[in-house]
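Asks: Structure supplied as entry37.cif; contents: mmCIF, C-alpha atoms.
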```cif
data_start
loop_
_atom_site.label_atom_id
_atom_site.label_comp_id
_atom_site.auth_asym_id
_atom_site.auth_seq_id
_atom_site.Cartn_x
_atom_site.Cartn_y
_atom_site.Cartn_z
CA MET Q 1 22.89 -7.24 -0.83
CA LYS Q 2 20.13 -4.80 -1.77
CA VAL Q 3 16.72 -6.51 -1.97
CA LEU Q 4 13.28 -5.17 -2.87
CA PHE Q 5 10.14 -6.99 -1.72
CA ILE Q 6 6.93 -5.91 -3.42
CA GLY Q 7 4.72 -6.68 -0.45
CA GLY Q 8 6.73 -8.27 2.30
CA THR Q 9 4.27 -8.27 5.21
CA GLY Q 10 1.98 -11.12 4.16
CA ILE Q 11 1.46 -14.63 5.46
CA ILE Q 12 4.51 -16.07 3.70
CA SER Q 13 6.57 -12.96 3.08
CA SER Q 14 6.60 -11.60 6.64
CA ALA Q 15 8.91 -14.39 7.84
CA CYS Q 16 11.12 -13.91 4.78
CA SER Q 17 11.43 -10.19 5.52
CA GLU Q 18 12.47 -10.86 9.10
CA LEU Q 19 15.05 -13.48 8.09
CA ALA Q 20 16.48 -11.33 5.27
CA LEU Q 21 17.03 -8.51 7.74
CA ALA Q 22 18.51 -10.87 10.32
CA GLN Q 23 21.02 -12.00 7.70
CA GLY Q 24 22.10 -8.43 7.07
CA MET Q 25 20.35 -7.79 3.78
CA ASP Q 26 19.49 -4.20 2.85
CA LEU Q 27 15.74 -4.73 2.55
CA PHE Q 28 13.31 -2.35 0.86
CA LEU Q 29 9.55 -2.90 1.02
CA LEU Q 30 7.31 -1.40 -1.66
CA ASN Q 31 3.74 -0.94 -0.48
CA ARG Q 32 0.86 1.52 -0.41
CA GLY Q 33 1.41 2.42 3.22
CA GLU Q 34 -1.19 -0.09 4.36
CA SER Q 35 -0.27 -3.33 6.11
CA SER Q 36 -2.06 -5.80 8.37
CA ARG Q 37 1.30 -6.65 10.00
CA PRO Q 38 3.99 -4.38 11.40
CA ILE Q 39 6.80 -3.24 9.14
CA PRO Q 40 9.91 -5.11 10.36
CA GLU Q 41 12.48 -2.92 12.05
CA GLY Q 42 15.37 -2.13 9.74
CA ALA Q 43 13.44 -2.26 6.47
CA THR Q 44 13.22 0.80 4.23
CA VAL Q 45 9.67 1.51 3.09
CA LEU Q 46 8.99 2.85 -0.40
CA HIS Q 47 5.45 4.10 -0.88
CA GLY Q 48 3.99 3.05 -4.21
CA ASP Q 49 1.21 0.91 -5.65
CA ILE Q 50 2.46 -1.87 -7.92
CA ARG Q 51 -0.85 -1.64 -9.82
CA ASP Q 52 0.10 1.98 -10.61
CA PRO Q 53 3.45 1.81 -12.45
CA GLY Q 54 3.86 5.59 -12.37
CA SER Q 55 3.81 5.63 -8.58
CA VAL Q 56 6.37 2.82 -8.52
CA ARG Q 57 8.76 4.65 -10.83
CA GLU Q 58 8.45 7.72 -8.64
CA ALA Q 59 9.10 5.67 -5.48
CA LEU Q 60 12.10 3.87 -6.96
CA GLY Q 61 13.82 6.84 -8.53
CA GLU Q 62 17.27 5.70 -9.64
CA LEU Q 63 17.45 2.75 -7.26
CA LYS Q 64 18.73 -0.59 -8.54
CA PHE Q 65 18.67 -3.91 -6.72
CA ASP Q 66 20.45 -7.21 -6.53
CA VAL Q 67 17.07 -8.92 -6.10
CA VAL Q 68 13.45 -7.96 -6.68
CA VAL Q 69 10.71 -10.24 -5.32
CA ASN Q 70 7.07 -9.73 -6.25
CA TRP Q 71 4.85 -11.38 -3.64
CA VAL Q 72 1.62 -10.08 -5.21
CA ALA Q 73 1.85 -10.96 -8.92
CA PHE Q 74 -1.04 -13.15 -10.01
CA THR Q 75 -1.74 -12.56 -13.71
CA PRO Q 76 0.29 -12.16 -16.92
CA GLU Q 77 -0.62 -8.46 -16.90
CA HIS Q 78 1.17 -8.10 -13.57
CA ILE Q 79 4.24 -9.75 -15.08
CA GLU Q 80 4.20 -7.42 -18.08
CA THR Q 81 4.25 -4.47 -15.69
CA ASP Q 82 7.22 -5.91 -13.83
CA LEU Q 83 9.13 -6.60 -17.02
CA GLU Q 84 8.79 -2.93 -17.91
CA LEU Q 85 9.64 -1.70 -14.42
CA PHE Q 86 12.57 -3.93 -13.53
CA ALA Q 87 14.39 -4.84 -16.75
CA GLY Q 88 17.88 -3.46 -16.23
CA ARG Q 89 17.10 -2.59 -12.61
CA THR Q 90 17.79 -5.96 -10.94
CA LYS Q 91 20.16 -8.93 -11.20
CA GLN Q 92 17.45 -11.37 -10.10
CA TYR Q 93 13.66 -11.18 -10.23
CA VAL Q 94 11.76 -13.74 -8.13
CA PHE Q 95 8.18 -14.66 -8.98
CA ILE Q 96 6.06 -16.41 -6.36
CA SER Q 97 4.11 -19.06 -8.24
CA SER Q 98 2.14 -21.92 -6.67
CA ALA Q 99 2.42 -25.67 -6.39
CA SER Q 100 -1.26 -25.75 -7.36
CA ALA Q 101 -0.03 -25.09 -10.91
CA TYR Q 102 1.18 -28.67 -11.15
CA GLN Q 103 -0.71 -31.19 -13.26
CA LYS Q 104 -4.19 -32.10 -12.02
CA PRO Q 105 -4.83 -34.95 -11.75
CA LEU Q 106 -1.20 -35.83 -11.12
CA GLY Q 107 0.40 -38.42 -13.37
CA HIS Q 108 2.85 -39.54 -10.73
CA LEU Q 109 4.29 -38.84 -7.29
CA PRO Q 110 6.45 -37.40 -5.86
CA ILE Q 111 6.07 -33.95 -7.37
CA THR Q 112 9.27 -32.43 -8.70
CA GLU Q 113 10.01 -29.18 -10.49
CA SER Q 114 9.72 -31.09 -13.78
CA THR Q 115 6.14 -32.23 -13.09
CA PRO Q 116 3.99 -30.75 -15.90
CA LEU Q 117 2.04 -27.57 -15.23
CA HIS Q 118 -1.63 -28.08 -16.09
CA ASN Q 119 -4.70 -27.25 -14.01
CA PRO Q 120 -8.04 -27.17 -15.84
CA PHE Q 121 -10.03 -26.71 -12.61
CA TRP Q 122 -8.79 -23.50 -11.01
CA PRO Q 123 -8.34 -20.11 -12.75
CA TYR Q 124 -5.88 -18.99 -10.04
CA SER Q 125 -3.52 -21.81 -10.99
CA ARG Q 126 -3.93 -21.25 -14.72
CA ASP Q 127 -2.99 -17.60 -14.24
CA LYS Q 128 0.13 -18.62 -12.31
CA ILE Q 129 1.08 -20.98 -15.15
CA ALA Q 130 0.63 -18.16 -17.66
CA CYS Q 131 2.88 -15.94 -15.52
CA GLU Q 132 5.55 -18.63 -15.48
CA ASP Q 133 5.30 -19.05 -19.25
CA ARG Q 134 5.77 -15.32 -19.80
CA LEU Q 135 8.77 -15.13 -17.51
CA THR Q 136 10.37 -18.19 -19.10
CA ARG Q 137 10.02 -16.55 -22.50
CA ALA Q 138 11.45 -13.27 -21.16
CA TYR Q 139 14.46 -15.14 -19.78
CA ARG Q 140 15.06 -17.11 -22.98
CA GLU Q 141 14.51 -14.27 -25.42
CA ASP Q 142 15.69 -11.21 -23.49
CA GLY Q 143 17.80 -12.53 -20.63
CA PHE Q 144 15.41 -11.23 -17.98
CA PRO Q 145 16.85 -12.77 -14.77
CA ALA Q 146 13.79 -14.61 -13.50
CA THR Q 147 13.65 -17.23 -10.76
CA ILE Q 148 10.36 -19.03 -10.10
CA VAL Q 149 9.49 -20.26 -6.61
CA ARG Q 150 6.56 -22.61 -6.00
CA PRO Q 151 5.24 -22.76 -2.42
CA SER Q 152 2.49 -25.11 -1.31
CA HIS Q 153 0.06 -24.23 1.49
CA THR Q 154 2.40 -22.16 3.59
CA TYR Q 155 0.85 -20.83 6.79
CA ASP Q 156 1.54 -18.51 9.69
CA ARG Q 157 -0.29 -18.12 13.00
CA THR Q 158 -3.21 -16.35 11.27
CA LEU Q 159 -4.09 -19.06 8.76
CA LEU Q 160 -6.21 -22.16 9.27
CA PRO Q 161 -5.81 -24.84 6.58
CA MET Q 162 -9.41 -25.66 5.75
CA ASP Q 163 -11.79 -23.68 3.59
CA GLY Q 164 -13.93 -21.57 5.89
CA GLY Q 165 -11.19 -21.08 8.47
CA TRP Q 166 -12.58 -19.97 11.81
CA THR Q 167 -16.13 -20.92 10.77
CA VAL Q 168 -15.03 -24.56 10.88
CA VAL Q 169 -13.39 -24.18 14.30
CA ASP Q 170 -16.52 -22.49 15.63
CA ARG Q 171 -18.61 -25.43 14.40
CA MET Q 172 -16.22 -27.87 16.10
CA ARG Q 173 -16.52 -26.04 19.41
CA ARG Q 174 -20.31 -26.04 19.16
CA GLY Q 175 -20.37 -29.77 18.41
CA LYS Q 176 -21.67 -29.28 14.87
CA PRO Q 177 -20.49 -31.55 12.02
CA VAL Q 178 -17.72 -30.32 9.73
CA ILE Q 179 -17.10 -31.19 6.09
CA VAL Q 180 -13.98 -32.98 4.87
CA HIS Q 181 -13.74 -33.48 1.12
CA GLY Q 182 -13.62 -36.97 -0.34
CA ASP Q 183 -12.95 -39.70 2.19
CA GLY Q 184 -10.40 -37.57 4.02
CA THR Q 185 -7.46 -39.85 3.22
CA SER Q 186 -5.78 -37.75 0.53
CA LEU Q 187 -2.37 -36.49 1.61
CA TRP Q 188 -1.52 -32.84 2.12
CA THR Q 189 1.58 -30.83 2.99
CA LEU Q 190 1.53 -27.82 5.31
CA THR Q 191 4.64 -25.63 5.60
CA HIS Q 192 5.24 -23.12 8.39
CA HIS Q 193 6.32 -19.75 7.02
CA ARG Q 194 9.45 -19.66 9.18
CA ASP Q 195 10.60 -22.95 7.67
CA PHE Q 196 9.81 -21.69 4.16
CA ALA Q 197 11.82 -18.53 4.80
CA VAL Q 198 15.05 -20.46 5.33
CA GLY Q 199 14.87 -22.01 1.89
CA PHE Q 200 13.59 -18.87 0.20
CA VAL Q 201 16.10 -16.38 1.57
CA GLY Q 202 18.85 -18.84 0.70
CA LEU Q 203 17.95 -18.46 -2.98
CA LEU Q 204 18.28 -14.67 -3.05
CA GLY Q 205 21.26 -13.32 -4.94
CA ARG Q 206 22.15 -16.74 -6.33
CA PRO Q 207 23.10 -16.59 -10.04
CA ALA Q 208 22.78 -20.39 -10.19
CA VAL Q 209 18.98 -20.19 -9.81
CA VAL Q 210 18.33 -17.54 -12.46
CA GLY Q 211 16.24 -19.23 -15.13
CA GLU Q 212 15.25 -21.98 -12.69
CA ALA Q 213 12.07 -23.05 -10.90
CA VAL Q 214 12.33 -24.28 -7.30
CA GLN Q 215 9.61 -25.66 -5.03
CA ILE Q 216 9.83 -25.12 -1.27
CA THR Q 217 7.59 -27.21 0.99
CA GLY Q 218 7.72 -29.23 4.15
CA ASP Q 219 8.29 -32.99 4.23
CA GLU Q 220 5.40 -33.91 6.56
CA TRP Q 221 2.44 -35.61 4.89
CA LEU Q 222 -0.91 -35.58 6.65
CA THR Q 223 -4.33 -36.81 5.59
CA TRP Q 224 -7.13 -34.27 5.71
CA ASN Q 225 -8.76 -36.38 8.43
CA GLN Q 226 -5.58 -35.96 10.49
CA ILE Q 227 -5.45 -32.22 9.79
CA PHE Q 228 -9.02 -31.72 11.01
CA GLU Q 229 -8.32 -33.84 14.09
CA LEU Q 230 -5.22 -31.76 14.91
CA VAL Q 231 -7.17 -28.51 14.54
CA ALA Q 232 -9.98 -29.86 16.71
CA GLY Q 233 -7.52 -31.00 19.37
CA ALA Q 234 -5.84 -27.59 19.45
CA ALA Q 235 -9.30 -26.01 19.81
CA GLY Q 236 -10.20 -28.29 22.71
CA ALA Q 237 -12.98 -29.83 20.66
CA GLU Q 238 -13.83 -32.92 18.63
CA ALA Q 239 -14.04 -33.17 14.85
CA ASN Q 240 -17.45 -34.58 13.94
CA ILE Q 241 -16.47 -35.23 10.33
CA VAL Q 242 -18.87 -35.67 7.44
CA HIS Q 243 -17.18 -36.77 4.23
CA VAL Q 244 -18.50 -35.14 1.05
CA PRO Q 245 -17.26 -35.70 -2.53
CA SER Q 246 -15.51 -32.62 -3.89
CA ASP Q 247 -17.77 -32.39 -6.93
CA ILE Q 248 -20.83 -32.20 -4.68
CA ILE Q 249 -19.21 -29.39 -2.69
CA ALA Q 250 -18.51 -27.66 -6.01
CA ALA Q 251 -22.18 -27.94 -6.99
CA PHE Q 252 -23.19 -26.03 -3.85
CA ALA Q 253 -20.24 -23.60 -3.72
CA PRO Q 254 -18.32 -23.26 -7.01
CA ASP Q 255 -15.47 -21.17 -5.57
CA TRP Q 256 -14.89 -23.60 -2.73
CA GLY Q 257 -15.13 -26.50 -5.16
CA ALA Q 258 -12.62 -25.01 -7.60
CA GLY Q 259 -9.97 -24.88 -4.89
CA LEU Q 260 -10.69 -28.50 -4.01
CA LEU Q 261 -10.83 -29.93 -7.52
CA GLY Q 262 -7.89 -27.80 -8.59
CA ASP Q 263 -5.73 -28.42 -5.54
CA LYS Q 264 -6.72 -29.86 -2.16
CA ALA Q 265 -8.57 -32.96 -3.38
CA HIS Q 266 -5.35 -34.37 -4.82
CA SER Q 267 -2.66 -36.05 -2.73
CA VAL Q 268 0.61 -34.15 -2.80
CA ILE Q 269 4.04 -35.51 -1.93
CA PHE Q 270 6.91 -33.20 -2.84
CA ASP Q 271 10.49 -34.09 -3.64
CA ASN Q 272 12.45 -31.26 -2.00
CA SER Q 273 15.88 -32.47 -3.04
CA LYS Q 274 16.48 -29.45 -5.28
CA ILE Q 275 15.97 -26.80 -2.59
CA LYS Q 276 17.98 -28.90 -0.12
CA ARG Q 277 20.83 -29.11 -2.61
CA LEU Q 278 20.73 -25.37 -3.30
CA VAL Q 279 20.23 -24.34 0.33
CA PRO Q 280 21.73 -27.07 2.55
CA GLU Q 281 20.53 -25.39 5.75
CA PHE Q 282 16.89 -25.73 4.67
CA ARG Q 283 14.82 -28.29 6.52
CA ALA Q 284 11.31 -28.19 7.90
CA THR Q 285 11.48 -28.16 11.70
CA ILE Q 286 7.92 -27.20 12.72
CA PRO Q 287 5.41 -30.08 12.51
CA TYR Q 288 1.79 -29.12 12.10
CA ALA Q 289 0.93 -30.54 15.53
CA ARG Q 290 3.04 -27.69 16.96
CA GLY Q 291 2.16 -25.07 14.36
CA VAL Q 292 -1.59 -25.45 14.87
CA GLN Q 293 -1.18 -24.67 18.58
CA GLU Q 294 0.33 -21.34 17.56
CA VAL Q 295 -2.61 -20.68 15.21
CA LEU Q 296 -5.33 -21.40 17.78
CA ALA Q 297 -3.52 -19.34 20.43
CA TRP Q 298 -3.54 -16.38 18.06
CA TYR Q 299 -7.28 -16.67 17.39
CA ASP Q 300 -8.12 -17.17 21.05
CA ALA Q 301 -6.07 -14.14 22.08
CA ASP Q 302 -8.60 -11.76 20.50
CA PRO Q 303 -12.30 -12.52 20.02
CA ALA Q 304 -12.39 -9.97 17.17
CA ARG Q 305 -10.42 -12.47 15.08
CA GLN Q 306 -13.09 -15.15 15.51
CA VAL Q 307 -15.26 -14.21 12.56
CA VAL Q 308 -17.93 -16.68 11.47
CA ASN Q 309 -19.10 -16.56 7.86
CA ALA Q 310 -22.86 -16.98 8.30
CA GLU Q 311 -23.54 -17.59 4.61
CA LEU Q 312 -20.86 -20.26 4.40
CA GLU Q 313 -22.27 -21.91 7.51
CA ARG Q 314 -25.68 -22.10 5.85
CA VAL Q 315 -24.08 -23.70 2.79
CA MET Q 316 -22.27 -26.23 4.99
CA ASP Q 317 -25.54 -27.10 6.72
CA ASP Q 318 -27.25 -27.52 3.33
CA ILE Q 319 -24.49 -29.79 2.03
CA ILE Q 320 -24.55 -31.95 5.16
CA GLY Q 321 -28.34 -32.08 5.05
CA GLN Q 322 -28.22 -33.21 1.43
CA ILE Q 323 -25.62 -35.89 2.15
CA GLN Q 324 -27.55 -37.15 5.15
CA GLY Q 325 -30.85 -36.92 3.30
CA VAL Q 326 -32.47 -34.41 5.63
CA GLY Q 327 -32.39 -31.16 3.70
CA PRO Q 328 -33.04 -29.54 0.31
CA ARG Q 329 -30.31 -29.36 -2.29
CA ARG Q 330 -28.88 -25.86 -2.63
CA SER Q 331 -26.55 -24.42 -5.25
CA GLY Q 332 -24.79 -21.12 -5.73
CA ALA Q 333 -21.49 -19.40 -5.11
CA VAL Q 334 -20.42 -18.38 -1.66
CA ASP Q 335 -17.57 -16.14 -0.61
CA ILE Q 336 -15.16 -18.18 1.47
#
```
Could I get this structure in the form of structure tokens?
Replies:
Amino acid sequence: MKVLFIGGTGIISSACSELALAQGMDLFLLNRGESSRPIPEGATVLHGDIRDPGSVREALGELKFDVVVNWVAFTPEHIETDLELFAGRTKQYVFISSASAYQKPLGHLPITESTPLHNPFWPYSRDKIACEDRLTRAYREDGFPATIVRPSHTYDRTLLPMDGGWTVVDRMRRGKPVIVHGDGTSLWTLTHHRDFAVGFVGLLGRPAVVGEAVQITGDEWLTWNQIFELVAGAAGAEANIVHVPSDIIAAFAPDWGAGLLGDKAHSVIFDNSKIKRLVPEFRATIPYARGVQEVLAWYDADPARQVVNAELERVMDDIIGQIQGVGPRRSGAVDI
């Protein structure tokens, strides 16, 4: 099976590339020649920039594929480009959406593929919904062979789950308080990228999933208090948690707040029966208690990876000071 990944070396996609190759797929990776991770052995690299359709046409030549997966499509404009590039060139086009596109606040749990898509809080999620809408129309009106996949918080060894990443771990190790949104009891699902890859690769080349949406997540539910405690334990530290309402965090740091109000502040429990029915070998085998050890080992292996965001730390201190009544209120966006 001939498969094209647009991207293919990212947090989620790197494990999918490795598994696709291990299963004997003829894998092509389209990228600009720049990657933070090694190109997997056995993949064919095509040099082109998906934001420059002319360079992609030149890189593809007359190639056609059984499957095309775009790991880096985020807006309807990106989808329009892909419709022009890949109509008639592939038997299946896979769009990577997001479980954050689901209704916020949720009307009911568990979340299934039929849960409404509606997120008034986060532009990222609204753009993903718009992409899905465009692909659904292209499938219905023109027969474009789209499959939609919705991951939720999928991580590899480089990704910490909380906003601020290493800055939070650094605070834990220095004994400083760390912020957990709400009361910390909302439920969250973390999926290791190697587990995700089993379900995802199993969907490739499957005519039965053309025109379908499928979510792929783990089955472990953790509170955010538990997540912070697991990270602290892996770091050899303690989590001195200060609980802060998400809307107050948003007042200090709008970008951070949008991701909370539009995603992390809401409990998520996923019904994975569809992916398990389609790909019987899929099951999540890596609990976060084990996965977080892998993450901290990666950070500790190279001090250059331990980057503290000084501006975000100041914002965290201001928020905690405001909550504890010892500091001035501060507002403004911060890059997290």
Asks: Can you translate the PyMOL selection byres ((chain Q and resi 2) around 9) into the concrete residues it hits in this file, as a PDB file with C-alpha atoms, in the coordinates of the input?
Replies:
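part34.pdb was written with the following content:
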```pdb
ATOM      1  CA  MET Q   1      22.890  -7.240  -0.830  1.00  0.00           C
ATOM      2  CA  VAL Q   3      16.720  -6.510  -1.970  1.00  0.00           C
ATOM      3  CA  LEU Q   4      13.280  -5.170  -2.870  1.00  0.00           C
ATOM      4  CA  MET Q  25      20.350  -7.790   3.780  1.00  0.00           C
ATOM      5  CA  ASP Q  26      19.490  -4.200   2.850  1.00  0.00           C
ATOM      6  CA  LEU Q  27      15.740  -4.730   2.550  1.00  0.00           C
ATOM      7  CA  PHE Q  28      13.310  -2.350   0.860  1.00  0.00           C
ATOM      8  CA  LYS Q  64      18.730  -0.590  -8.540  1.00  0.00           C
ATOM      9  CA  PHE Q  65      18.670  -3.910  -6.720  1.00  0.00           C
ATOM     10  CA  ASP Q  66      20.450  -7.210  -6.530  1.00  0.00           C
ATOM     11  CA  VAL Q  67      17.070  -8.920  -6.100  1.00  0.00           C
ATOM     12  CA  VAL Q  68      13.450  -7.960  -6.680  1.00  0.00           C
TER      13      VAL Q  68
END
```
Asks: Quick one, how far is CA of Ser35 in chain Q from CA of Gly48 in chain Q?
Replies: 12.9 Å
Asks: What are the closest atom pairs, with distances in Å to one decimal, for all residues of range 20-108 of chain Q lying within 12 Å of range 267-284 of chain Q? Consider only C-alpha atoms, order rows by chain and residue number, and present the result as CSV.
Replies:
```
residue,atom,partner,partner_atom,distance
Q:Ala99,CA,Q:Val268,CA,9.4
Q:Ser100,CA,Q:Val268,CA,9.7
Q:Tyr102,CA,Q:Val268,CA,10.0
Q:Gln103,CA,Q:Val268,CA,11.0
Q:Lys104,CA,Q:Ser267,CA,10.2
Q:Pro105,CA,Q:Ser267,CA,9.3
Q:Leu106,CA,Q:Ser267,CA,8.5
Q:Gly107,CA,Q:Ser267,CA,11.3
Q:His108,CA,Q:Ile269,CA,9.8
```
Asks: Write out as a ChimeraX atom specification which residues come within 9 Å of Arg57 in chain Q when counting all atoms listed in the file, dropping same-chain ones fewer than 4 positions away.
Replies: /Q:48,53,61-62,85
Asks: If the PyMOL selection byres ((chain Q and resi 250) around 12) is run on the structure shown, which residues does it catch, given as a ChimeraX atom specification?
Replies: /Q:121-122,181-182,244-249,251-262,265,315-316,319,330-334
Asks: Calculate how many Å separate CA of Ala208 in chain Q from CA of Ile286 in chain Q, rounding to one decimal.
Replies: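 Between CA of Ala208 in chain Q and CA of Ile286 in chain Q the gap works out to 28.1 Å.
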Asks: Let me know the residues the PyMOL selection byres ((chain Q and resi 136) around 10) catches in the file above, as a list in words.
Replies: Ala130, Cys131, Glu132, Asp133, Arg134, Leu135, Arg137, Ala138, Tyr139, Arg140, Glu141, Asp142, Gly143, Phe144, Pro145, Ala146, Thr147, Ile148, Gly211, Glu212 and Ala213 of chain Q
Asks: For the atom pair CA of Ala237 in chain Q and CA of Lys176 in chain Q, what is the interatomic distance in Å to one decimal place?
Replies: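 CA of Ala237 in chain Q sits 10.5 Å away from CA of Lys176 in chain Q.
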Asks: Give me the residues within 9 Å of Glu313 in chain Q as a list in words, counting only C-alpha atoms and dropping any in the same chain fewer than 4 places off.
Replies: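 In the requested form, the answer reads Gly164, Thr167, Val168, Arg171, Val308, Asn309, Asp317 and Asp318 of chain Q.
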Asks: Those selected residues, please, written with C-alpha atoms and delivered as a PDB file, keeping the file's coordinate frame.
Replies:
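That gives us selection.pdb:
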```pdb
ATOM      1  CA  GLY Q 164     -13.930 -21.570   5.890  1.00  0.00           C
ATOM      2  CA  THR Q 167     -16.130 -20.920  10.770  1.00  0.00           C
ATOM      3  CA  VAL Q 168     -15.030 -24.560  10.880  1.00  0.00           C
ATOM      4  CA  ARG Q 171     -18.610 -25.430  14.400  1.00  0.00           C
ATOM      5  CA  VAL Q 308     -17.930 -16.680  11.470  1.00  0.00           C
ATOM      6  CA  ASN Q 309     -19.100 -16.560   7.860  1.00  0.00           C
ATOM      7  CA  ASP Q 317     -25.540 -27.100   6.720  1.00  0.00           C
ATOM      8  CA  ASP Q 318     -27.250 -27.520   3.330  1.00  0.00           C
TER       9      ASP Q 318
END
```
